[in-house]
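Novice: File name coords30.pdb; file contents PDB, C-alpha atoms, pLDDT in the B column; full text below.
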ATOM      1  CA  MET A  29      63.369  89.450  66.820  1.00 58.00           C
ATOM      2  CA  THR A  30      61.260  89.608  69.928  1.00 66.00           C
ATOM      3  CA  ILE A  31      62.878  88.201  73.052  1.00 67.00           C
ATOM      4  CA  ALA A  32      60.447  86.607  75.434  1.00 67.00           C
ATOM      5  CA  GLN A  33      60.502  88.146  78.908  1.00 72.00           C
ATOM      6  CA  PRO A  34      60.654  85.812  81.913  1.00 68.00           C
ATOM      7  CA  PRO A  35      57.422  85.626  83.867  1.00 66.00           C
ATOM      8  CA  VAL A  36      57.098  87.801  86.969  1.00 64.00           C
ATOM      9  CA  ARG A  37      56.881  85.431  89.881  1.00 60.00           C
ATOM     10  CA  THR A  38      54.530  86.053  92.779  1.00 59.00           C
ATOM     11  CA  GLY A  39      53.315  84.149  95.776  1.00 56.00           C
ATOM     12  CA  THR A  40      55.515  82.048  98.020  1.00 67.00           C
ATOM     13  CA  ASP A  41      58.505  81.257  95.794  1.00 87.00           C
ATOM     14  CA  GLU A  42      61.250  80.828  98.409  1.00 91.00           C
ATOM     15  CA  ARG A  43      63.803  82.552  96.178  1.00 93.00           C
ATOM     16  CA  ILE A  44      61.661  85.697  96.114  1.00 94.00           C
ATOM     17  CA  GLU A  45      61.444  85.653  99.877  1.00 95.00           C
ATOM     18  CA  SER A  46      65.201  85.157 100.172  1.00 96.00           C
ATOM     19  CA  VAL A  47      65.739  88.288  98.057  1.00 96.00           C
ATOM     20  CA  ARG A  48      63.280  90.215 100.195  1.00 95.00           C
ATOM     21  CA  ASP A  49      65.041  89.014 103.321  1.00 96.00           C
ATOM     22  CA  LEU A  50      68.425  90.098 101.948  1.00 97.00           C
ATOM     23  CA  PHE A  51      67.066  93.570 101.200  1.00 97.00           C
ATOM     24  CA  ARG A  52      65.550  93.760 104.698  1.00 97.00           C
ATOM     25  CA  ARG A  53      68.882  92.901 106.309  1.00 97.00           C
ATOM     26  CA  SER A  54      70.614  95.531 104.181  1.00 97.00           C
ATOM     27  CA  ILE A  55      68.026  98.159 105.119  1.00 97.00           C
ATOM     28  CA  GLU A  56      68.195  97.269 108.823  1.00 97.00           C
ATOM     29  CA  LEU A  57      71.975  97.550 108.783  1.00 97.00           C
ATOM     30  CA  LYS A  58      71.898 100.942 107.082  1.00 97.00           C
ATOM     31  CA  GLN A  59      69.354 102.076 109.691  1.00 97.00           C
ATOM     32  CA  LYS A  60      71.894 101.188 112.373  1.00 96.00           C
ATOM     33  CA  LEU A  61      74.516 103.193 110.500  1.00 96.00           C
ATOM     34  CA  ILE A  62      72.136 106.170 110.284  1.00 95.00           C
ATOM     35  CA  GLU A  63      71.398 106.080 113.990  1.00 96.00           C
ATOM     36  CA  GLY A  64      74.855 105.364 115.374  1.00 95.00           C
ATOM     37  CA  HIS A  65      77.600 106.240 112.918  1.00 96.00           C
ATOM     38  CA  ALA A  66      76.779 109.396 110.923  1.00 97.00           C
ATOM     39  CA  ASP A  67      78.899 111.547 113.240  1.00 97.00           C
ATOM     40  CA  ARG A  68      81.891 109.280 112.631  1.00 97.00           C
ATOM     41  CA  VAL A  69      81.553 109.743 108.852  1.00 98.00           C
ATOM     42  CA  VAL A  70      81.616 113.526 109.332  1.00 98.00           C
ATOM     43  CA  ALA A  71      84.678 113.311 111.586  1.00 98.00           C
ATOM     44  CA  MET A  72      86.527 111.143 109.061  1.00 98.00           C
ATOM     45  CA  ALA A  73      85.630 113.560 106.268  1.00 98.00           C
ATOM     46  CA  ASP A  74      87.002 116.488 108.287  1.00 98.00           C
ATOM     47  CA  ILE A  75      90.318 114.645 108.717  1.00 98.00           C
ATOM     48  CA  CYS A  76      90.534 114.071 104.963  1.00 98.00           C
ATOM     49  CA  VAL A  77      89.604 117.658 104.075  1.00 98.00           C
ATOM     50  CA  ASP A  78      92.218 119.056 106.471  1.00 98.00           C
ATOM     51  CA  ALA A  79      94.890 116.775 105.018  1.00 98.00           C
ATOM     52  CA  LEU A  80      94.004 117.626 101.414  1.00 98.00           C
ATOM     53  CA  CYS A  81      93.923 121.360 102.139  1.00 98.00           C
ATOM     54  CA  LYS A  82      97.487 121.064 103.467  1.00 98.00           C
ATOM     55  CA  GLY A  83      98.692 119.408 100.268  1.00 98.00           C
ATOM     56  CA  GLY A  84      98.206 115.782 101.275  1.00 98.00           C
ATOM     57  CA  LYS A  85      96.531 112.972  99.374  1.00 98.00           C
ATOM     58  CA  LEU A  86      94.355 109.944 100.012  1.00 98.00           C
ATOM     59  CA  LEU A  87      95.611 106.367  99.667  1.00 98.00           C
ATOM     60  CA  LEU A  88      93.001 103.601  99.673  1.00 98.00           C
ATOM     61  CA  CYS A  89      93.431  99.836  99.909  1.00 98.00           C
ATOM     62  CA  GLY A  90      91.473  96.618 100.345  1.00 98.00           C
ATOM     63  CA  ASN A  91      91.195  93.094  98.973  1.00 98.00           C
ATOM     64  CA  GLY A  92      88.645  91.603  96.581  1.00 96.00           C
ATOM     65  CA  GLY A  93      85.417  93.577  96.724  1.00 97.00           C
ATOM     66  CA  SER A  94      87.128  96.036  99.051  1.00 98.00           C
ATOM     67  CA  ALA A  95      89.837  96.583  96.414  1.00 98.00           C
ATOM     68  CA  ALA A  96      87.059  97.445  93.977  1.00 97.00           C
ATOM     69  CA  ASP A  97      85.561  99.846  96.529  1.00 98.00           C
ATOM     70  CA  ALA A  98      88.971 101.494  96.985  1.00 98.00           C
ATOM     71  CA  GLN A  99      89.331 101.967  93.223  1.00 97.00           C
ATOM     72  CA  HIS A 100      85.724 103.141  92.918  1.00 97.00           C
ATOM     73  CA  LEU A 101      86.132 105.847  95.559  1.00 98.00           C
ATOM     74  CA  ALA A 102      89.545 106.957  94.311  1.00 98.00           C
ATOM     75  CA  ALA A 103      88.144 107.353  90.791  1.00 97.00           C
ATOM     76  CA  GLU A 104      85.323 109.524  92.090  1.00 97.00           C
ATOM     77  CA  MET A 105      87.854 111.850  93.696  1.00 98.00           C
ATOM     78  CA  LEU A 106      90.203 111.905  90.723  1.00 97.00           C
ATOM     79  CA  VAL A 107      87.471 112.392  88.117  1.00 97.00           C
ATOM     80  CA  ARG A 108      83.913 113.177  89.183  1.00 96.00           C
ATOM     81  CA  LEU A 109      81.571 112.099  91.935  1.00 96.00           C
ATOM     82  CA  ARG A 110      78.284 113.889  91.208  1.00 95.00           C
ATOM     83  CA  PRO A 111      77.141 114.741  87.674  1.00 94.00           C
ATOM     84  CA  ASP A 112      76.155 118.286  88.649  1.00 94.00           C
ATOM     85  CA  VAL A 113      79.497 119.099  90.326  1.00 95.00           C
ATOM     86  CA  ASN A 114      82.346 119.740  87.915  1.00 95.00           C
ATOM     87  CA  ARG A 115      85.551 120.588  89.784  1.00 96.00           C
ATOM     88  CA  ASP A 116      89.285 120.035  89.911  1.00 95.00           C
ATOM     89  CA  GLY A 117      90.524 116.515  90.527  1.00 97.00           C
ATOM     90  CA  VAL A 118      91.337 115.450  94.097  1.00 98.00           C
ATOM     91  CA  PRO A 119      94.524 113.406  94.679  1.00 98.00           C
ATOM     92  CA  ALA A 120      93.476 109.884  95.622  1.00 98.00           C
ATOM     93  CA  ILE A 121      95.307 106.648  94.809  1.00 98.00           C
ATOM     94  CA  ALA A 122      93.978 103.094  95.100  1.00 98.00           C
ATOM     95  CA  LEU A 123      96.971 100.971  96.100  1.00 98.00           C
ATOM     96  CA  ALA A 124      95.948  97.932  94.042  1.00 95.00           C
ATOM     97  CA  LEU A 125      97.835  99.697  91.284  1.00 85.00           C
ATOM     98  CA  ASP A 126      98.357  97.124  88.551  1.00 92.00           C
ATOM     99  CA  ALA A 127      98.905  93.440  87.913  1.00 94.00           C
ATOM    100  CA  SER A 128     102.632  93.870  87.307  1.00 97.00           C
ATOM    101  CA  SER A 129     103.425  95.478  90.655  1.00 96.00           C
ATOM    102  CA  MET A 130     101.158  93.081  92.563  1.00 96.00           C
ATOM    103  CA  THR A 131     102.545  89.945  90.976  1.00 97.00           C
ATOM    104  CA  ALA A 132     106.136  91.189  91.258  1.00 97.00           C
ATOM    105  CA  CYS A 133     105.676  91.816  94.965  1.00 97.00           C
ATOM    106  CA  GLY A 134     103.910  88.491  95.466  1.00 96.00           C
ATOM    107  CA  ASN A 135     106.700  86.668  93.652  1.00 98.00           C
ATOM    108  CA  ASP A 136     109.712  88.551  95.053  1.00 98.00           C
ATOM    109  CA  TYR A 137     108.473  89.215  98.597  1.00 98.00           C
ATOM    110  CA  SER A 138     104.889  88.289  99.481  1.00 97.00           C
ATOM    111  CA  PHE A 139     101.384  89.528  98.823  1.00 97.00           C
ATOM    112  CA  GLU A 140     101.142  90.292 102.537  1.00 98.00           C
ATOM    113  CA  VAL A 141     103.554  93.233 102.243  1.00 98.00           C
ATOM    114  CA  TYR A 142     102.213  94.693  98.992  1.00 98.00           C
ATOM    115  CA  PHE A 143     100.079  97.494 100.450  1.00 98.00           C
ATOM    116  CA  GLU A 144     102.766  98.264 103.015  1.00 98.00           C
ATOM    117  CA  ARG A 145     105.339  98.645 100.244  1.00 97.00           C
ATOM    118  CA  MET A 146     103.020 100.889  98.215  1.00 98.00           C
ATOM    119  CA  THR A 147     102.262 102.984 101.309  1.00 98.00           C
ATOM    120  CA  ARG A 148     105.941 103.499 102.068  1.00 98.00           C
ATOM    121  CA  ALA A 149     106.715 104.326  98.439  1.00 97.00           C
ATOM    122  CA  LEU A 150     103.806 106.704  97.808  1.00 98.00           C
ATOM    123  CA  GLY A 151     102.771 107.949 101.232  1.00 98.00           C
ATOM    124  CA  ARG A 152     104.106 111.087 102.864  1.00 98.00           C
ATOM    125  CA  PRO A 153     103.596 112.693 106.281  1.00 98.00           C
ATOM    126  CA  GLY A 154     100.196 114.351 106.340  1.00 98.00           C
ATOM    127  CA  ASP A 155      98.584 111.951 103.862  1.00 98.00           C
ATOM    128  CA  VAL A 156      95.591 109.791 104.806  1.00 98.00           C
ATOM    129  CA  LEU A 157      95.317 106.026 104.348  1.00 98.00           C
ATOM    130  CA  ILE A 158      91.818 104.555 104.129  1.00 98.00           C
ATOM    131  CA  GLY A 159      92.022 100.811 104.744  1.00 98.00           C
ATOM    132  CA  ILE A 160      88.948  98.739 103.889  1.00 98.00           C
ATOM    133  CA  THR A 161      88.537  95.231 105.325  1.00 98.00           C
ATOM    134  CA  THR A 162      85.232  93.529 106.080  1.00 98.00           C
ATOM    135  CA  SER A 163      86.796  91.214 108.660  1.00 97.00           C
ATOM    136  CA  GLY A 164      89.397  93.564 110.095  1.00 97.00           C
ATOM    137  CA  ARG A 165      91.877  90.724 109.747  1.00 98.00           C
ATOM    138  CA  SER A 166      93.501  91.348 106.349  1.00 98.00           C
ATOM    139  CA  PRO A 167      97.268  91.179 107.027  1.00 98.00           C
ATOM    140  CA  ASN A 168      98.230  93.330 104.045  1.00 98.00           C
ATOM    141  CA  VAL A 169      95.802  96.106 105.040  1.00 98.00           C
ATOM    142  CA  ILE A 170      96.972  95.961 108.658  1.00 98.00           C
ATOM    143  CA  LYS A 171     100.616  96.238 107.593  1.00 98.00           C
ATOM    144  CA  ALA A 172      99.744  99.243 105.442  1.00 98.00           C
ATOM    145  CA  MET A 173      98.067 100.903 108.432  1.00 98.00           C
ATOM    146  CA  GLN A 174     101.120 100.251 110.582  1.00 98.00           C
ATOM    147  CA  ALA A 175     103.396 101.699 107.905  1.00 98.00           C
ATOM    148  CA  ALA A 176     101.152 104.750 107.554  1.00 98.00           C
ATOM    149  CA  ARG A 177     101.497 105.531 111.253  1.00 96.00           C
ATOM    150  CA  GLN A 178     105.260 105.150 111.100  1.00 97.00           C
ATOM    151  CA  ILE A 179     105.434 107.553 108.165  1.00 97.00           C
ATOM    152  CA  GLY A 180     103.279 110.153 109.910  1.00 98.00           C
ATOM    153  CA  MET A 181     100.086 109.576 107.961  1.00 98.00           C
ATOM    154  CA  THR A 182      96.605 109.302 109.433  1.00 98.00           C
ATOM    155  CA  SER A 183      95.092 105.829 109.195  1.00 98.00           C
ATOM    156  CA  LEU A 184      91.316 105.500 108.788  1.00 98.00           C
ATOM    157  CA  GLY A 185      89.509 102.171 108.700  1.00 98.00           C
ATOM    158  CA  LEU A 186      86.267 100.948 107.155  1.00 98.00           C
ATOM    159  CA  LEU A 187      85.873  97.672 109.004  1.00 98.00           C
ATOM    160  CA  GLY A 188      83.258  95.053 109.852  1.00 98.00           C
ATOM    161  CA  GLY A 189      82.320  92.609 112.585  1.00 95.00           C
ATOM    162  CA  THR A 190      84.252  93.474 115.744  1.00 96.00           C
ATOM    163  CA  GLY A 191      86.852  95.445 113.801  1.00 98.00           C
ATOM    164  CA  GLY A 192      89.433  92.699 114.302  1.00 98.00           C
ATOM    165  CA  PRO A 193      93.120  93.491 114.811  1.00 98.00           C
ATOM    166  CA  ALA A 194      92.894  96.305 112.258  1.00 98.00           C
ATOM    167  CA  LEU A 195      90.895  98.381 114.735  1.00 98.00           C
ATOM    168  CA  ALA A 196      93.912  98.949 116.991  1.00 98.00           C
ATOM    169  CA  GLU A 197      95.939 100.215 114.016  1.00 98.00           C
ATOM    170  CA  CYS A 198      93.456 102.953 113.063  1.00 98.00           C
ATOM    171  CA  ASP A 199      93.525 106.541 114.210  1.00 98.00           C
ATOM    172  CA  MET A 200      89.786 106.459 113.525  1.00 98.00           C
ATOM    173  CA  ALA A 201      87.563 103.646 112.299  1.00 98.00           C
ATOM    174  CA  LEU A 202      83.972 102.957 111.409  1.00 98.00           C
ATOM    175  CA  VAL A 203      83.012  99.364 112.163  1.00 98.00           C
ATOM    176  CA  VAL A 204      79.905  98.190 110.287  1.00 98.00           C
ATOM    177  CA  PRO A 205      77.943  96.153 112.866  1.00 96.00           C
ATOM    178  CA  SER A 206      77.498  92.925 110.900  1.00 97.00           C
ATOM    179  CA  THR A 207      79.323  89.673 110.260  1.00 96.00           C
ATOM    180  CA  GLU A 208      77.744  89.173 106.822  1.00 97.00           C
ATOM    181  CA  THR A 209      80.349  90.079 104.206  1.00 97.00           C
ATOM    182  CA  GLY A 210      77.931  91.228 101.512  1.00 97.00           C
ATOM    183  CA  ARG A 211      76.009  93.476 103.894  1.00 97.00           C
ATOM    184  CA  ILE A 212      79.246  94.941 105.290  1.00 98.00           C
ATOM    185  CA  GLN A 213      80.393  95.751 101.754  1.00 98.00           C
ATOM    186  CA  GLU A 214      77.054  97.441 101.038  1.00 97.00           C
ATOM    187  CA  GLY A 215      77.548  99.490 104.182  1.00 97.00           C
ATOM    188  CA  HIS A 216      81.102 100.373 103.199  1.00 98.00           C
ATOM    189  CA  ILE A 217      80.183 101.734  99.786  1.00 98.00           C
ATOM    190  CA  ALA A 218      77.301 103.778 101.238  1.00 97.00           C
ATOM    191  CA  ILE A 219      79.703 105.174 103.839  1.00 98.00           C
ATOM    192  CA  GLY A 220      82.311 105.756 101.147  1.00 98.00           C
ATOM    193  CA  HIS A 221      79.906 107.739  98.991  1.00 98.00           C
ATOM    194  CA  ALA A 222      78.827 109.866 101.962  1.00 98.00           C
ATOM    195  CA  LEU A 223      82.474 110.399 102.892  1.00 98.00           C
ATOM    196  CA  MET A 224      83.482 111.469  99.378  1.00 98.00           C
ATOM    197  CA  GLU A 225      80.536 113.870  99.072  1.00 98.00           C
ATOM    198  CA  LEU A 226      81.482 115.504 102.371  1.00 98.00           C
ATOM    199  CA  ILE A 227      85.112 115.754 101.266  1.00 98.00           C
ATOM    200  CA  GLU A 228      84.095 117.313  97.960  1.00 98.00           C
ATOM    201  CA  ASP A 229      81.794 119.820  99.669  1.00 97.00           C
ATOM    202  CA  GLY A 230      84.436 120.660 102.254  1.00 98.00           C
ATOM    203  CA  LEU A 231      87.159 121.270  99.683  1.00 98.00           C
ATOM    204  CA  ILE A 232      84.887 123.501  97.599  1.00 97.00           C
ATOM    205  CA  ALA A 233      83.778 125.446 100.691  1.00 97.00           C
ATOM    206  CA  ARG A 234      87.391 126.059 101.694  1.00 97.00           C
ATOM    207  CA  GLU A 235      88.308 126.942  98.099  1.00 96.00           C
ATOM    208  CA  ALA A 236      90.904 124.179  98.013  1.00 96.00           C
ATOM    209  CA  ILE A 237      89.457 123.074  94.673  1.00 94.00           C
ATOM    210  CA  LYS A 238      87.581 125.092  92.073  1.00 91.00           C
ATOM    211  CA  ARG A 239      84.293 124.342  90.407  1.00 91.00           C
ATOM    212  CA  CYS A 240      84.652 124.488  86.648  1.00 85.00           C
TER     213      CYS A 240
END
Represent the structure from my file as structure tokens, please.

Specialist:
Amino acid sequence: MTIAQPPVRTGTDERIESVRDLFRRSIELKQKLIEGHADRVVAMADICVDALCKGGKLLLCGNGGSAADAQHLAAEMLVRLRPDVNRDGVPAIALALDASSMTACGNDYSFEVYFERMTRALGRPGDVLIGITTSGRSPNVIKAMQAARQIGMTSLGLLGGTGGPALAECDMALVVPSTETGRIQEGHIAIGHALMELIEDGLIAREAIKRC
């Protein structure tokens, strides 16, 4: 059976222009990141590489799309990031662990303390927490950052807007200069991929992990 393809629209369809405008805003934001934030990505990667070389691990957390980004980046460390680089796994844990632990904490305590509780249970001095929040106002991410500092971990933030109250809780942060949630998330995953590639390269260069 042949499935008819939708017609390719041209001209002044306002929906086409809205898509073009969205792409332009995304490109313009990434240009700002290129020009003003690349050095911060390198500095954050160096912190992570140093921690991992000393036997530490990465913990990542966020809500909604940021939770998905945390899981995405953790999986690329645990399994594989680039198809042409086969190497040992890198210890990275996304703190949105499972429905049972999240719902138990929400029911018995509150959702607001979930990431804090996971950080205290799984984090150790020398580990790195990467907190992702587009607004910088997520209470559960902020509490996790505060707990990380108390434990002796390093707290890194991928934030948006002004950075919000989360900014003061970070040892280092990269604030995506936008207030548009979707564009901030696109910036965060681009930053995350760059960060993970630098971490992978750094660990291989220092022979902390082996290519296989």

Novice: Which residues are near stretch 165-175 of chain A? Cut-off 7 Å, only C-alpha atoms, ignore same chain within fewer than 6 positions. Put them as a list in words.

Specialist: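 That gives Cys89, Gly90, Glu140, Val141, Tyr142, Phe143, Glu144, Thr147, Arg148, Gly159, Ser183, Gly192, Pro193, Ala194, Glu197 and Cys198 of chain A.
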
Novice: Rank nothing, just name the residue among A:Ala66, A:Leu101, A:Leu186, A:Val118 nearest to A:Gly230, using all atoms listed in the file.

Specialist: A:Val118

Novice: Here's a test: counting all atoms listed in the file, identify every protein, DNA and RNA residue with an atom at most 12 Å from (75.0, 105.4, 110.9) in the file's coordinate frame, and state them as number ranges by chain.

Specialist: A: 55-70, 202-205, 215-216, 218-219, 222

Novice: Written as a ChimeraX atom specification, which residues does the PyMOL selection byres ((chain A and resi 114) around 6) give for the file shown?

Specialist: /A:113,115,239-240

Novice: Near A:Leu184, within 8 Å and counting only C-alpha atoms, which residues show up once chain neighbours fewer than 5 positions away are dropped, as a list in words?

Specialist: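 So the residues in contact are Met72, Val156, Leu157, Ile158, Gly159, Cys198, Asp199, Met200 and Ala201 of chain A.
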
Novice: Write out the residues from the selection above, keeping C-alpha atoms, as a compact mmCIF listing (two decimals), in the frame of the given file.

Specialist:
# COMPACT_ATOMS: atom_id res chain seq x y z
CA MET A 72 86.53 111.14 109.06
CA VAL A 156 95.59 109.79 104.81
CA LEU A 157 95.32 106.03 104.35
CA ILE A 158 91.82 104.56 104.13
CA GLY A 159 92.02 100.81 104.74
CA CYS A 198 93.46 102.95 113.06
CA ASP A 199 93.52 106.54 114.21
CA MET A 200 89.79 106.46 113.52
CA ALA A 201 87.56 103.65 112.30

Novice: Can you tell me how far atom CA of A:Asp155 sits from atom CA of A:Leu87, in Å to one decimal?

Specialist: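 One can read the atom CA of A:Asp155 to atom CA of A:Leu87 distance as 7.6 Å.
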
Novice: Could you check how far atom CA of A:Ile179 sits from atom CA of A:Arg152, in Å to one decimal?

Specialist: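 Answer for the atom CA of A:Ile179 to atom CA of A:Arg152 separation: 6.5 Å.
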
Novice: Smallest atom-to-atom distance to A:Glu228: which of A:Ala124, A:Met146, A:Val77, A:Ala196, using all atoms listed in the file?

Specialist: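 Residue with the minimum atom-to-atom distance to A:Glu228: A:Val77.
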
Novice: Given the choices A:Val47, A:Leu231, A:Ala236, A:Ile212, which gets closest to A:Gly93 if the distance is worked out from only C-alpha atoms?

Specialist: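 Of A:Val47, A:Leu231, A:Ala236, A:Ile212, the one nearest A:Gly93, counting only C-alpha atoms, is A:Ile212.
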
Novice: Extract, using only C-alpha atoms, all DNA, RNA and protein residues at most 9 Å from A:Asp116, discarding same-chain residues fewer than 6 positions from it, and format them as a list in words.

Specialist: Leu106, Val107, Arg108, Ile237, Lys238, Arg239 and Cys240 of chain A

Novice: Please complete stretch 217-229 of chain A so it has N, CA, C and O atoms, and hand it over as a compact mmCIF listing (two decimals), in the frame of the given file.

Specialist:
# COMPACT_ATOMS: atom_id res chain seq x y z
N ILE A 217 80.28 100.86 100.95
CA ILE A 217 80.18 101.73 99.79
C ILE A 217 79.22 102.89 100.05
O ILE A 217 79.44 104.01 99.56
N ALA A 218 78.18 102.67 100.86
CA ALA A 218 77.30 103.78 101.24
C ALA A 218 78.07 104.80 102.08
O ALA A 218 77.96 106.02 101.87
N ILE A 219 78.86 104.30 103.02
CA ILE A 219 79.70 105.17 103.84
C ILE A 219 80.70 105.90 102.95
O ILE A 219 80.92 107.11 103.10
N GLY A 220 81.32 105.16 102.03
CA GLY A 220 82.31 105.76 101.15
C GLY A 220 81.74 106.88 100.31
O GLY A 220 82.36 107.93 100.15
N HIS A 221 80.53 106.68 99.78
CA HIS A 221 79.91 107.74 98.99
C HIS A 221 79.61 108.96 99.85
O HIS A 221 79.84 110.10 99.42
N ALA A 222 79.09 108.74 101.06
CA ALA A 222 78.83 109.87 101.96
C ALA A 222 80.12 110.59 102.30
O ALA A 222 80.18 111.84 102.30
N LEU A 223 81.18 109.82 102.56
CA LEU A 223 82.47 110.40 102.89
C LEU A 223 83.02 111.25 101.75
O LEU A 223 83.47 112.38 101.95
N MET A 224 82.96 110.73 100.52
CA MET A 224 83.48 111.47 99.38
C MET A 224 82.67 112.73 99.09
O MET A 224 83.23 113.76 98.71
N GLU A 225 81.35 112.67 99.28
CA GLU A 225 80.54 113.87 99.07
C GLU A 225 80.90 114.95 100.08
O GLU A 225 81.00 116.13 99.75
N LEU A 226 81.10 114.54 101.34
CA LEU A 226 81.48 115.50 102.37
C LEU A 226 82.86 116.09 102.08
O LEU A 226 83.09 117.29 102.28
N ILE A 227 83.77 115.27 101.62
CA ILE A 227 85.11 115.75 101.27
C ILE A 227 85.02 116.77 100.13
O ILE A 227 85.62 117.84 100.17
N GLU A 228 84.26 116.41 99.10
CA GLU A 228 84.10 117.31 97.96
C GLU A 228 83.50 118.64 98.41
O GLU A 228 84.01 119.72 98.05
N ASP A 229 82.44 118.59 99.19
CA ASP A 229 81.79 119.82 99.67
C ASP A 229 82.76 120.65 100.52
O ASP A 229 82.81 121.88 100.40
